[in-house]
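Working notes for the structure below.
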There are 2 protein chains.
Amino acid sequence: MRLAVVGGIAAGTSAAAKAKRVSKSSEIAIFEAGRFVSVGACGMPYRLSGDIKDPMKLVVRTKEDFEKSGIKVFLGYRVVDIDISKGLLEAVGPEGRINYQFDKLILATGATARKLGVPNEDLEGIFNLKSLEDLLSIENFMAQNEVRDIVVVGSGFIGLEVIDAFVKRGFNVTSVDIVTSVPPNFDEDVVEIVPSLLDSHGVRRIWGVSVIEFLGDGKVKGCRLSNGEELKADMVIVSVGFRPNVELAQKIGLELSVNNSIRVNEYMETSIEGVYACGDCTHSYSAVTGEPIYLPLGSLANRHGRVAGTNAVAGNRVKMPKIAGSSVFKLFNLGFARTGFVEKELKARNIDYDKVLIKARDKAHYYPTAGDIIVKLMWEKSTGRLLGGEIVGPVEAVKRIDVIGAVICLGGTVEDLARVDMAYSPPFSPVWDPVTVAANQALRD
Amino acid sequence: MRLAVVGGIAAGTSAAAKAKRVSKSSEIAIFEAGRFVSVGACGMPYRLSGDIKDPMKLVVRTKEDFEKSGIKVFLGYRVVDIDISKGLLEAVGPEGRINYQFDKLILATGATARKLGVPNEDLEGIFNLKSLEDLLSIENFMAQNEVRDIVVVGSGFIGLEVIDAFVKRGFNVTSVDIVTSVPPNFDEDVVEIVPSLLDSHGVRRIWGVSVIEFLGDGKVKGCRLSNGEELKADMVIVSVGFRPNVELAQKIGLELSVNNSIRVNEYMETSIEGVYACGDCTHSYSAVTGEPIYLPLGSLANRHGRVAGTNAVAGNRVKMPKIAGSSVFKLFNLGFARTGFVEKELKARNIDYDKVLIKARDKAHYYPTAGDIIVKLMWEKSTGRLLGGEIVGPVEAVKRIDVIGAVICLGGTVEDLARVDMAYSPPFSPVWDPVTVAANQALRD
């Protein structure tokens, strides 16, 4: 059995490693077009902030590590063609063109950072932050240029993490976004604090406008906004989402699904038998509605990979569970977490929901490090089934989102959530945990 | 409708406040024998540590607060007799003897700290830490005496919190316990780190011995141990558990249950109709086995109180949910959390369980504040049903015990737990949350 894995960042390496553990006798090869394999890309903002001393710490396992466990890694090899009927792929890399014969195929081709599509976006000093190569380019640029003013376009969780990082290092940071409530995948009433949080850290906000062109000559010098303003910038980070890399998938005729990601079933198998997909190039299924949802998250990529890896070598044995879609990030001294669907996503789906938003303290009121926390819950009106949750509060306190996520994954109701006797001690929570307070209020109890 | 509530610390005040909200027209009276009503007793160690500047912060609501919301508080009144058939109670307090006519009765008589039962335990300078009065006595003693050497007898969570507090304030602290694995309600393999943790904070440990007598003349000077050693002590805190206060309950003929606590059904109603009990004087029911379990925790007392309060004034309308029994405490830089039954409790019940213990990091390996974390899971061998969990690690990281507790409360399996897509970002967890790692390992996946 020969298994070819196309892409070796998170999902691909996870798939390959799992496949090897499940079937030691299989021959497994990873083709990774970039310079690095097995990258913890979510850590990159913490390298920009200076928290991580050596960027190579973000490489979880090296090519040599994989080869020691019997997995071949073709590093720097881009797969340019695949013939499914012959089980043959063609890749181009440092030592030329190679062909590889496979019985099973896993596509872990990832996603590409979206561009703004405005003039001069190719000026030096304008970066995305998706790959380790991006990170090294940014570091290289910053070492060779005098950078003081940084513009971050987009304020999803990566944009905000990057803002946090550059503020920590003392740069002048401006946040530009076309939306006016940030981050855009949270409900407005939950993230009302973000503007003052950014203000208090000296971040200039220009929201509700778009970048219409970049300015500069070779190197970026600034950008022009839709409100007419010209903004000085020594460097720009564009962080406005991802699109799945599906060129190869389309070439071999795979069906696509939500957000143009590769369609998979619950076994992570594509529309062609024996061909699997995992990670940012494909989708998950929602535990709330069962629908396919596109969430390019590192945690899901790794889960996908294990399922695809197992099934590719052992037959369709394990299912990818439906997901709550929980995610979390840190901005300065606050954490932001969400799970399931937030209110605006429920509205867009015409789901008949009810909601509650409570403000509380994350620890006992007399405990010195207690801070404000917001918990919002959404549930199905007719059944009480939990549909989503959002938490904003002191950094680690928001990880209790996973309790809400667990109840969603198990198909529970807001009453089930209220029943959970959360652990209490003054350094951890008030006697009524904020999650319980929200659930009780949902029950009007 | 007249409701009498005997006891006004946590459960009693919670019951009274809830009853008033449910039935505004009811006349509700709280009888509290002590000097304070509505005390957040779990905060007392954080007053001893100096974290809380004013001990009165531990009073959540005052007598005046209650009276403003229409609840009478008889402060300093001890209920000495109850005639159920006549609906009459007799209490003795600052202004003498009073009688109170009631339709419904709630007993929230709490628990008393256990004594060691050794000679000279009544010497000045030997304290329990159960009530706010205890705390003020300790503070008063420390203000009037030169205290340098403190012996803490018992090392359950309160004993350890007290040790943490006194170490923080620079005292010489010795921990004495009859057991050799601490805290005793955790499995030994989970808390192996505690000895070195105490050692590194300069706490002397004398475990596996008991105190056979206290030494001193009026004031405590030390104690003699079962190993023959004499230990110097300027002050002693005895923290060796609680026994429910059931004198009144027995007087009126209520049945008792586990640990001699007042027997209640799922409505928190005792063996006599119309008489309810809540808090440390009564028990809960386990979500794992359905059995009555005695857990004198502040979080449960408040839950009990709301149920008893509602049902007393509105008929048996709400049920006290079965509990996972989750609890948590902090010792120096580590948190300790448990839920369900730990291994030794499952053994004692002859339950056919399986288990896993994993060691991981609580955050991404490259994140600067990442620390070691242990997660242990127990599940039913035949069904996979989750039975219990223990977590030890960086303080706030252990609050993820609630995810395990939630799955237990919902009757889920270890596979259900593995399926929960936990929120990930480097400052919060590794890409595979330690809880998921443990659950995956349980499934040998």
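Convention: chains lettered A, B, ... in structure tokens order; per-chain residue numbering from 1; ligands numbered from 1 as shown.
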
**Study point:** Shell around A:Leu3 at 9 Å using only C-alpha atoms, local window under 2 positions removed, as an NGL selection string
**Key:** :A and (1 or 5 or 16 or 19 or 26-30 or 101-106 or 312-313)

Dump N, CA, C and O atoms for the selected residues as a compact mmCIF listing (two decimals), in the first residue's frame?
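Contents of the output file again-v4.txt:
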```
# COMPACT_ATOMS: atom_id res chain seq x y z
N MET A 1 0.84 -1.21 0.00
CA MET A 1 0.00 0.00 0.00
C MET A 1 0.86 1.25 0.00
O MET A 1 1.69 1.44 0.89
N VAL A 5 0.62 11.87 0.22
CA VAL A 5 -0.03 12.97 0.92
C VAL A 5 0.49 14.27 0.30
O VAL A 5 1.69 14.54 0.32
N ALA A 16 -0.30 11.71 7.65
CA ALA A 16 0.78 10.79 7.35
C ALA A 16 1.22 10.04 8.61
O ALA A 16 1.41 8.82 8.59
N ALA A 19 -1.44 7.57 9.63
CA ALA A 19 -1.48 6.43 8.70
C ALA A 19 -0.33 5.46 8.99
O ALA A 19 -0.52 4.24 9.00
N SER A 26 2.72 0.24 5.35
CA SER A 26 2.42 1.12 4.22
C SER A 26 3.61 2.03 3.91
O SER A 26 4.33 2.45 4.81
N GLU A 27 3.76 2.33 2.62
CA GLU A 27 4.77 3.32 2.23
C GLU A 27 4.06 4.66 2.12
O GLU A 27 3.08 4.79 1.39
N ILE A 28 4.58 5.60 2.84
CA ILE A 28 3.88 6.88 2.91
C ILE A 28 4.83 8.01 2.52
O ILE A 28 5.97 8.05 3.00
N ALA A 29 4.37 8.88 1.63
CA ALA A 29 5.20 9.99 1.18
C ALA A 29 4.43 11.30 1.28
O ALA A 29 3.25 11.37 0.90
N ILE A 30 5.10 12.31 1.84
CA ILE A 30 4.52 13.65 1.92
C ILE A 30 5.19 14.53 0.86
O ILE A 30 6.42 14.54 0.77
N GLN A 101 3.99 6.67 -7.63
CA GLN A 101 2.86 5.76 -7.81
C GLN A 101 2.16 5.61 -6.46
O GLN A 101 2.82 5.39 -5.45
N PHE A 102 0.83 5.75 -6.44
CA PHE A 102 0.12 5.62 -5.16
C PHE A 102 -1.12 4.75 -5.31
O PHE A 102 -1.69 4.63 -6.40
N ASP A 103 -1.49 4.15 -4.18
CA ASP A 103 -2.77 3.43 -4.12
C ASP A 103 -3.86 4.34 -3.57
O ASP A 103 -5.00 4.30 -3.99
N LYS A 104 -3.47 5.11 -2.57
CA LYS A 104 -4.42 6.05 -1.96
C LYS A 104 -3.78 7.44 -1.94
O LYS A 104 -2.55 7.56 -1.91
N LEU A 105 -4.66 8.44 -1.95
CA LEU A 105 -4.17 9.82 -2.05
C LEU A 105 -4.87 10.68 -1.00
O LEU A 105 -6.09 10.56 -0.80
N ILE A 106 -4.11 11.52 -0.35
CA ILE A 106 -4.69 12.50 0.58
C ILE A 106 -4.30 13.89 0.12
O ILE A 106 -3.11 14.17 -0.05
N ALA A 312 -7.46 6.22 4.97
CA ALA A 312 -6.73 5.98 3.72
C ALA A 312 -6.03 4.63 3.74
O ALA A 312 -6.03 3.90 2.74
N VAL A 313 -5.47 4.27 4.89
CA VAL A 313 -4.72 3.00 4.94
C VAL A 313 -5.53 1.83 5.48
O VAL A 313 -5.17 0.67 5.25
```

Practice item. Pull out every residue of chain B that has at least one atom within 8 Å of chain A, counting only C-alpha atoms, and report them as a PyMOL selection string. Key: chain B and resi 42-43+46+51-52+57-58+298-300+302+321+323-330+337+364+366-368+396-397+399-403+405-407+409-410+412+416-417+419-428+431-432

Just to be explicit: take each residue in the selection above, keep N, CA and C atoms, and write the result as a compact mmCIF listing (two decimals), in the first residue's frame.
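After the write, part.txt holds the following:
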```txt
# COMPACT_ATOMS: atom_id res chain seq x y z
N CYS B 42 -15.65 30.30 51.28
CA CYS B 42 -14.54 29.75 50.49
C CYS B 42 -13.45 30.80 50.25
N GLY B 43 -13.76 32.07 50.51
CA GLY B 43 -12.78 33.11 50.29
C GLY B 43 -11.85 33.32 51.48
N TYR B 46 -8.09 33.43 51.28
CA TYR B 46 -7.54 34.56 50.54
C TYR B 46 -7.56 35.84 51.37
N ASP B 51 -4.69 38.69 50.34
CA ASP B 51 -5.24 39.09 49.03
C ASP B 51 -6.49 39.95 49.18
N ILE B 52 -7.27 39.69 50.22
CA ILE B 52 -8.50 40.46 50.46
C ILE B 52 -8.22 41.43 51.59
N LYS B 57 -15.59 41.98 53.11
CA LYS B 57 -15.86 41.70 51.69
C LYS B 57 -16.44 40.30 51.51
N LEU B 58 -16.20 39.45 52.49
CA LEU B 58 -16.69 38.07 52.38
C LEU B 58 -18.18 37.96 52.69
N GLY B 298 -19.33 24.93 48.47
CA GLY B 298 -20.10 26.17 48.36
C GLY B 298 -20.97 26.21 47.11
N SER B 299 -20.43 25.69 46.01
CA SER B 299 -21.16 25.72 44.75
C SER B 299 -22.44 24.88 44.85
N LEU B 300 -22.34 23.73 45.50
CA LEU B 300 -23.52 22.87 45.64
C LEU B 300 -24.50 23.45 46.63
N ASN B 302 -25.21 26.51 47.14
CA ASN B 302 -26.02 27.51 46.45
C ASN B 302 -27.04 26.88 45.51
N PRO B 321 -30.38 18.82 40.09
CA PRO B 321 -29.77 17.87 39.15
C PRO B 321 -28.78 16.96 39.85
N ILE B 323 -25.24 15.42 40.27
CA ILE B 323 -24.01 16.22 40.14
C ILE B 323 -22.81 15.38 39.74
N ALA B 324 -21.92 16.03 38.97
CA ALA B 324 -20.61 15.43 38.71
C ALA B 324 -19.75 15.54 39.96
N GLY B 325 -20.02 16.55 40.77
CA GLY B 325 -19.21 16.75 41.98
C GLY B 325 -17.87 17.38 41.67
N SER B 326 -17.85 18.26 40.68
CA SER B 326 -16.59 18.91 40.29
C SER B 326 -16.12 19.86 41.38
N SER B 327 -14.82 19.84 41.63
CA SER B 327 -14.24 20.81 42.56
C SER B 327 -12.83 21.16 42.12
N VAL B 328 -12.33 22.26 42.65
CA VAL B 328 -11.04 22.79 42.19
C VAL B 328 -10.43 23.60 43.32
N PHE B 329 -9.11 23.60 43.40
CA PHE B 329 -8.45 24.54 44.30
C PHE B 329 -7.07 24.87 43.78
N LYS B 330 -6.50 25.95 44.33
CA LYS B 330 -5.18 26.43 43.93
C LYS B 330 -4.19 26.16 45.05
N ALA B 337 -7.95 19.84 40.16
CA ALA B 337 -9.39 19.75 39.90
C ALA B 337 -9.78 18.29 39.75
N ALA B 364 0.65 25.74 23.90
CA ALA B 364 1.55 25.33 22.83
C ALA B 364 2.97 25.22 23.38
N TYR B 366 5.77 26.01 22.43
CA TYR B 366 6.67 27.15 22.25
C TYR B 366 6.16 28.39 22.97
N TYR B 367 4.98 28.29 23.59
CA TYR B 367 4.43 29.48 24.23
C TYR B 367 5.11 29.67 25.59
N PRO B 368 5.57 30.90 25.89
CA PRO B 368 6.47 31.06 27.04
C PRO B 368 5.90 30.62 28.38
N GLU B 396 -5.07 28.23 36.10
CA GLU B 396 -6.36 28.35 35.41
C GLU B 396 -6.59 27.22 34.42
N ALA B 397 -5.51 26.57 34.00
CA ALA B 397 -5.65 25.50 33.01
C ALA B 397 -6.52 24.35 33.50
N LYS B 399 -9.28 24.42 35.01
CA LYS B 399 -10.72 24.67 34.98
C LYS B 399 -11.38 23.92 33.82
N ARG B 400 -10.58 23.40 32.89
CA ARG B 400 -11.14 22.56 31.83
C ARG B 400 -11.71 21.26 32.40
N ILE B 401 -11.58 21.05 33.71
CA ILE B 401 -12.26 19.91 34.34
C ILE B 401 -13.76 19.96 34.04
N ASP B 402 -14.28 21.17 33.83
CA ASP B 402 -15.72 21.32 33.61
C ASP B 402 -16.18 20.69 32.30
N VAL B 403 -15.26 20.54 31.35
CA VAL B 403 -15.62 19.86 30.11
C VAL B 403 -15.88 18.38 30.42
N GLY B 405 -16.67 17.25 33.40
CA GLY B 405 -17.86 17.26 34.24
C GLY B 405 -19.13 17.37 33.41
N ALA B 406 -19.08 18.18 32.36
CA ALA B 406 -20.26 18.35 31.50
C ALA B 406 -20.61 17.02 30.83
N VAL B 407 -19.60 16.33 30.32
CA VAL B 407 -19.87 15.05 29.65
C VAL B 407 -20.42 14.04 30.66
N CYS B 409 -22.18 14.82 33.39
CA CYS B 409 -23.56 15.25 33.69
C CYS B 409 -24.53 14.84 32.58
N LEU B 410 -24.05 14.82 31.33
CA LEU B 410 -24.92 14.44 30.21
C LEU B 410 -24.89 12.93 29.95
N GLY B 412 -22.40 11.05 29.03
CA GLY B 412 -21.62 10.73 27.84
C GLY B 412 -20.47 9.77 28.11
N ASP B 416 -17.37 10.35 23.46
CA ASP B 416 -18.01 11.66 23.34
C ASP B 416 -17.03 12.77 23.71
N LEU B 417 -16.27 12.53 24.77
CA LEU B 417 -15.30 13.54 25.21
C LEU B 417 -14.24 13.76 24.14
N ARG B 419 -14.54 13.49 21.05
CA ARG B 419 -15.13 14.15 19.88
C ARG B 419 -15.26 15.66 20.02
N VAL B 420 -15.23 16.15 21.25
CA VAL B 420 -15.44 17.58 21.46
C VAL B 420 -14.27 18.35 20.85
N ASP B 421 -14.54 19.19 19.88
CA ASP B 421 -13.47 19.99 19.28
C ASP B 421 -13.18 21.18 20.18
N MET B 422 -12.18 21.00 21.02
CA MET B 422 -11.81 22.02 22.01
C MET B 422 -11.18 23.22 21.28
N ALA B 423 -11.47 24.40 21.82
CA ALA B 423 -10.93 25.63 21.22
C ALA B 423 -9.41 25.66 21.38
N TYR B 424 -8.74 26.07 20.30
CA TYR B 424 -7.27 26.08 20.31
C TYR B 424 -6.71 27.43 19.86
N SER B 425 -5.72 27.87 20.59
CA SER B 425 -4.84 28.96 20.19
C SER B 425 -3.65 28.84 21.13
N PRO B 426 -2.44 29.16 20.66
CA PRO B 426 -1.25 28.89 21.47
C PRO B 426 -1.28 29.37 22.92
N PRO B 427 -1.89 30.55 23.23
CA PRO B 427 -1.88 30.96 24.64
C PRO B 427 -2.86 30.18 25.51
N PHE B 428 -3.65 29.29 24.89
CA PHE B 428 -4.70 28.59 25.63
C PHE B 428 -4.49 27.08 25.74
N VAL B 431 -2.32 22.26 20.21
CA VAL B 431 -3.30 22.05 19.14
C VAL B 431 -4.24 20.90 19.51
N TRP B 432 -3.72 19.89 20.20
CA TRP B 432 -4.57 18.87 20.81
C TRP B 432 -4.66 19.21 22.28
```

Exercise for review: Write out as a PyMOL selection string each polymer residue whose atoms come within 6 Å of A:Cys223, counting only C-alpha atoms; drop sequence neighbours fewer than 3 positions from it.
Suggested key: chain A and resi 213-215+230-231

Go ahead and write the residues just picked, N, CA and C atoms, as a CSV table (one decimal), in the first residue's frame.
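Heads up, here's the output in selection03.csv:
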```csv
chain,number,residue,atom,x,y,z
A,213,GLU,N,-5.8,51.5,-2.8
A,213,GLU,CA,-4.6,51.2,-3.5
A,213,GLU,C,-3.4,51.4,-2.5
A,214,PHE,N,-2.3,50.7,-2.8
A,214,PHE,CA,-1.1,50.9,-2.0
A,214,PHE,C,-0.3,51.9,-2.7
A,215,LEU,N,0.5,52.6,-1.9
A,215,LEU,CA,1.4,53.6,-2.4
A,215,LEU,C,2.8,53.2,-2.2
A,230,GLU,N,-4.9,59.3,3.1
A,230,GLU,CA,-3.7,58.6,2.8
A,230,GLU,C,-3.0,58.2,4.0
A,231,LEU,N,-2.6,56.9,4.1
A,231,LEU,CA,-2.0,56.4,5.4
A,231,LEU,C,-0.6,56.1,5.2
```

Exercise for review: Please run DSSP on the backbone and report, as a ChimeraX atom specification, all residues within stretch 148-385 of chain B that come out as alpha helix (DSSP H).
Suggested key: /B:157-168,194-200,247-251,298-314,343-348
